[in-house]
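> start-v3.txt is reproduced below (compact mmCIF, N, CA and C atoms and all ligand atoms).
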# COMPACT_ATOMS: atom_id res chain seq x y z
N MET T 1 111.29 143.35 94.54
CA MET T 1 109.90 143.38 94.04
C MET T 1 109.25 142.00 94.16
N PRO T 2 108.85 141.61 95.34
CA PRO T 2 108.27 140.25 95.52
C PRO T 2 107.00 140.06 94.71
N ILE T 3 106.30 141.16 94.42
CA ILE T 3 105.03 141.01 93.70
C ILE T 3 105.26 140.39 92.31
N LEU T 4 106.43 140.70 91.74
CA LEU T 4 106.74 140.12 90.42
C LEU T 4 106.92 138.60 90.53
N ILE T 5 107.56 138.17 91.60
CA ILE T 5 107.76 136.72 91.79
C ILE T 5 106.41 136.04 91.98
N VAL T 6 105.56 136.66 92.79
CA VAL T 6 104.24 136.07 93.03
C VAL T 6 103.44 136.00 91.74
N LEU T 7 103.50 137.07 90.95
CA LEU T 7 102.77 137.08 89.68
C LEU T 7 103.30 136.01 88.74
N THR T 8 104.64 135.87 88.69
CA THR T 8 105.23 134.86 87.83
C THR T 8 104.77 133.46 88.25
N LEU T 9 104.78 133.22 89.56
CA LEU T 9 104.34 131.91 90.06
C LEU T 9 102.88 131.67 89.73
N LEU T 10 102.06 132.70 89.87
CA LEU T 10 100.63 132.54 89.58
C LEU T 10 100.41 132.22 88.11
N VAL T 11 101.13 132.93 87.24
CA VAL T 11 100.99 132.68 85.81
C VAL T 11 101.45 131.27 85.47
N ALA T 12 102.58 130.87 86.05
CA ALA T 12 103.10 129.53 85.79
C ALA T 12 102.12 128.47 86.28
N ALA T 13 101.55 128.69 87.46
CA ALA T 13 100.59 127.74 88.01
C ALA T 13 99.33 127.69 87.13
N ALA T 14 98.90 128.85 86.65
CA ALA T 14 97.71 128.89 85.80
C ALA T 14 97.96 128.13 84.50
N ILE T 15 99.14 128.33 83.90
CA ILE T 15 99.46 127.64 82.65
C ILE T 15 99.53 126.14 82.90
N TRP T 16 100.20 125.75 84.01
CA TRP T 16 100.35 124.34 84.33
C TRP T 16 98.98 123.71 84.57
N PHE T 17 98.14 124.41 85.31
CA PHE T 17 96.82 123.87 85.63
C PHE T 17 95.97 123.76 84.37
N TRP T 18 96.05 124.78 83.53
CA TRP T 18 95.25 124.81 82.31
C TRP T 18 95.67 123.68 81.36
N SER T 19 96.98 123.55 81.15
CA SER T 19 97.46 122.51 80.25
C SER T 19 97.21 121.14 80.86
N GLY T 20 97.37 121.02 82.17
CA GLY T 20 97.17 119.73 82.82
C GLY T 20 95.74 119.27 82.74
N SER T 21 94.79 120.21 82.86
CA SER T 21 93.39 119.81 82.80
C SER T 21 92.93 119.64 81.36
N ARG T 22 93.72 120.14 80.42
CA ARG T 22 93.31 120.06 79.02
C ARG T 22 93.74 118.74 78.40
N VAL T 23 94.87 118.20 78.85
CA VAL T 23 95.42 117.00 78.22
C VAL T 23 94.46 115.82 78.26
N PRO T 24 93.82 115.51 79.40
CA PRO T 24 92.97 114.32 79.42
C PRO T 24 91.81 114.39 78.45
N SER T 25 91.31 115.60 78.15
CA SER T 25 90.18 115.69 77.23
C SER T 25 90.65 115.54 75.79
N VAL T 26 91.93 115.86 75.55
CA VAL T 26 92.44 115.74 74.18
C VAL T 26 92.57 114.27 73.81
N ARG T 27 93.29 113.52 74.65
CA ARG T 27 93.42 112.08 74.39
C ARG T 27 92.73 111.35 75.53
N ARG T 28 91.43 111.28 75.42
CA ARG T 28 90.63 110.78 76.50
C ARG T 28 90.54 109.26 76.45
N ASN T 29 91.31 108.63 77.31
CA ASN T 29 91.22 107.18 77.49
C ASN T 29 91.18 106.43 76.16
N PRO T 30 92.24 106.44 75.41
CA PRO T 30 92.25 105.73 74.13
C PRO T 30 92.37 104.22 74.32
N CYS T 31 92.48 103.80 75.56
CA CYS T 31 92.80 102.40 75.83
C CYS T 31 91.55 101.55 76.00
N ASP T 32 91.79 100.26 75.92
CA ASP T 32 90.71 99.28 76.10
C ASP T 32 90.95 98.60 77.44
N TRP T 33 90.46 99.22 78.49
CA TRP T 33 90.73 98.74 79.84
C TRP T 33 89.85 97.55 80.19
N GLN T 34 90.49 96.48 80.61
CA GLN T 34 89.77 95.29 81.05
C GLN T 34 90.08 95.07 82.52
N PRO T 35 89.04 94.95 83.37
CA PRO T 35 89.31 94.71 84.78
C PRO T 35 89.92 93.33 84.99
N THR T 36 90.96 93.26 85.80
CA THR T 36 91.61 91.98 86.07
C THR T 36 91.00 91.29 87.28
N GLY T 37 90.18 92.02 88.05
CA GLY T 37 89.58 91.43 89.24
C GLY T 37 90.41 91.68 90.48
N PHE T 38 91.66 92.09 90.29
CA PHE T 38 92.51 92.38 91.44
C PHE T 38 92.23 93.79 91.93
N ARG T 39 92.22 93.93 93.24
CA ARG T 39 92.00 95.26 93.79
C ARG T 39 92.70 95.40 95.12
N THR T 40 93.15 96.57 95.39
CA THR T 40 93.72 96.88 96.70
C THR T 40 92.95 98.07 97.24
N GLY T 41 92.10 97.81 98.22
CA GLY T 41 91.27 98.88 98.76
C GLY T 41 90.34 99.40 97.69
N PRO T 42 90.30 100.71 97.49
CA PRO T 42 89.40 101.28 96.47
C PRO T 42 89.99 101.21 95.07
N MET T 43 91.25 100.78 94.95
CA MET T 43 91.90 100.78 93.65
C MET T 43 91.69 99.45 92.94
N HIS T 44 91.11 99.50 91.76
CA HIS T 44 90.87 98.32 90.97
C HIS T 44 91.92 98.26 89.86
N GLU T 45 92.41 97.05 89.65
CA GLU T 45 93.44 96.92 88.63
C GLU T 45 92.81 96.65 87.28
N PHE T 46 93.30 97.32 86.27
CA PHE T 46 92.84 97.13 84.90
C PHE T 46 94.03 96.79 84.03
N ASN T 47 93.74 96.04 82.98
CA ASN T 47 94.77 95.73 82.02
C ASN T 47 94.37 96.33 80.68
N CYS T 48 95.27 97.09 80.07
CA CYS T 48 94.96 97.71 78.80
C CYS T 48 95.18 96.69 77.69
N ALA T 49 94.10 96.24 77.08
CA ALA T 49 94.22 95.27 76.00
C ALA T 49 94.81 95.92 74.76
N HIS T 50 94.83 97.22 74.73
CA HIS T 50 95.33 97.95 73.57
C HIS T 50 96.84 97.94 73.53
N CYS T 51 97.47 98.21 74.66
CA CYS T 51 98.93 98.27 74.67
C CYS T 51 99.54 97.43 75.78
N GLY T 52 98.73 96.59 76.43
CA GLY T 52 99.28 95.63 77.38
C GLY T 52 99.90 96.24 78.61
N ILE T 53 99.29 97.29 79.10
CA ILE T 53 99.83 97.96 80.29
C ILE T 53 98.78 97.90 81.39
N LYS T 54 99.26 97.67 82.59
CA LYS T 54 98.35 97.63 83.73
C LYS T 54 98.18 99.04 84.31
N GLY T 55 96.98 99.27 84.80
CA GLY T 55 96.72 100.56 85.44
C GLY T 55 95.72 100.37 86.56
N PHE T 56 95.67 101.34 87.42
CA PHE T 56 94.74 101.26 88.54
C PHE T 56 93.71 102.38 88.42
N GLY T 57 92.46 102.01 88.65
CA GLY T 57 91.40 102.99 88.67
C GLY T 57 90.72 102.97 90.02
N LYS T 58 90.25 104.10 90.43
CA LYS T 58 89.64 104.21 91.75
C LYS T 58 88.16 103.94 91.67
N ASP T 59 87.66 103.16 92.64
CA ASP T 59 86.23 102.90 92.78
C ASP T 59 85.63 102.29 91.52
N GLY T 60 86.38 101.41 90.87
CA GLY T 60 85.86 100.70 89.72
C GLY T 60 85.87 101.48 88.43
N LYS T 61 86.38 102.70 88.47
CA LYS T 61 86.47 103.47 87.23
C LYS T 61 87.77 103.11 86.52
N VAL T 62 87.73 103.19 85.22
CA VAL T 62 88.93 102.84 84.46
C VAL T 62 89.97 103.93 84.65
N PRO T 63 91.23 103.57 84.51
CA PRO T 63 92.28 104.60 84.61
C PRO T 63 92.07 105.68 83.57
N THR T 64 92.45 106.90 83.91
CA THR T 64 92.18 108.02 83.01
C THR T 64 93.34 108.28 82.05
N VAL T 65 94.49 107.71 82.35
CA VAL T 65 95.64 107.96 81.49
C VAL T 65 96.25 106.64 81.06
N CYS T 66 96.84 106.67 79.88
CA CYS T 66 97.57 105.51 79.39
C CYS T 66 99.05 105.79 79.60
N LYS T 67 99.74 104.80 80.14
CA LYS T 67 101.17 105.00 80.38
C LYS T 67 101.98 104.74 79.13
N ARG T 68 101.32 104.31 78.08
CA ARG T 68 102.03 104.15 76.83
C ARG T 68 102.52 105.52 76.36
N GLY T 69 103.74 105.61 75.98
CA GLY T 69 104.28 106.89 75.54
C GLY T 69 104.95 107.66 76.63
N LEU T 70 104.96 107.11 77.85
CA LEU T 70 105.66 107.77 78.93
C LEU T 70 107.10 107.26 79.04
N GLY T 71 107.51 106.48 78.08
CA GLY T 71 108.88 106.03 78.06
C GLY T 71 109.16 104.83 78.93
N ARG T 72 108.12 104.05 79.22
CA ARG T 72 108.32 102.86 80.00
C ARG T 72 108.21 101.64 79.11
ZN ZN B 1 96.88 101.75 76.72
Could the structure of this file be written out as structure tokens, please?
Ligand SMILES: [Zn+2]

Amino acid sequence: MPILIVLTLLVAAAIWFWSGSRVPSVRRNPCDWQPTGFRTGPMHEFNCAHCGIKGFGKDGKVPTVCKRGLGR
């Protein structure tokens, strides 16, 4: 019954997509991103004054996620 496998994958993908798109709005950029002036191509480096972590944002936008709490 391949249709069951396809349905399972679709449901799993929908849940993953839904939860993945929901997380950034829940904890939306709690950090205090300060641009360091360093950039590589379109990626601008920022330093989080809140938790002292560096992040990269594209086209001058601040990073959307904080790596604090990711176990690093
Ligand atoms: Zn932070």
> Just want the 8 Å neighbourhood of Trp33 in chain T, counted on only C-alpha atoms, with same-chain residues fewer than 3 positions away dropped. Output as a PyMOL selection string.
chain T and resi 46-50+62-63
> All residues within 6 Å of ligand ZN 1 (chain B) are required, counting only N, CA and C atoms and all ligand atoms; please report them as a PyMOL selection string.
chain T and resi 30-32+48+50-53+66-68
> Could you state the separation of CA of Asp59 in chain T and CA of Pro42 in chain T in Å, given to one decimal place?
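Atom-to-atom, CA of Asp59 in chain T to CA of Pro42 in chain T, that is 5.1 Å.
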> What does the distance between atom C of Leu10 in chain T and atom N of Val65 in chain T come to in Å, to one decimal place?
25.9 Å
> Kindly give the distance, in Å, that separates CA of His44 in chain T and CA of Gly57 in chain T, rounded to a single decimal.
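Computed distance, CA of His44 in chain T to CA of Gly57 in chain T, equals 5.2 Å.
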> So which residues fall inside 10 Å of (93.6, 95.0, 92.0) if we count only C-alpha atoms? Mind giving them as number ranges by chain?
T: 35-46, 54-57, 60
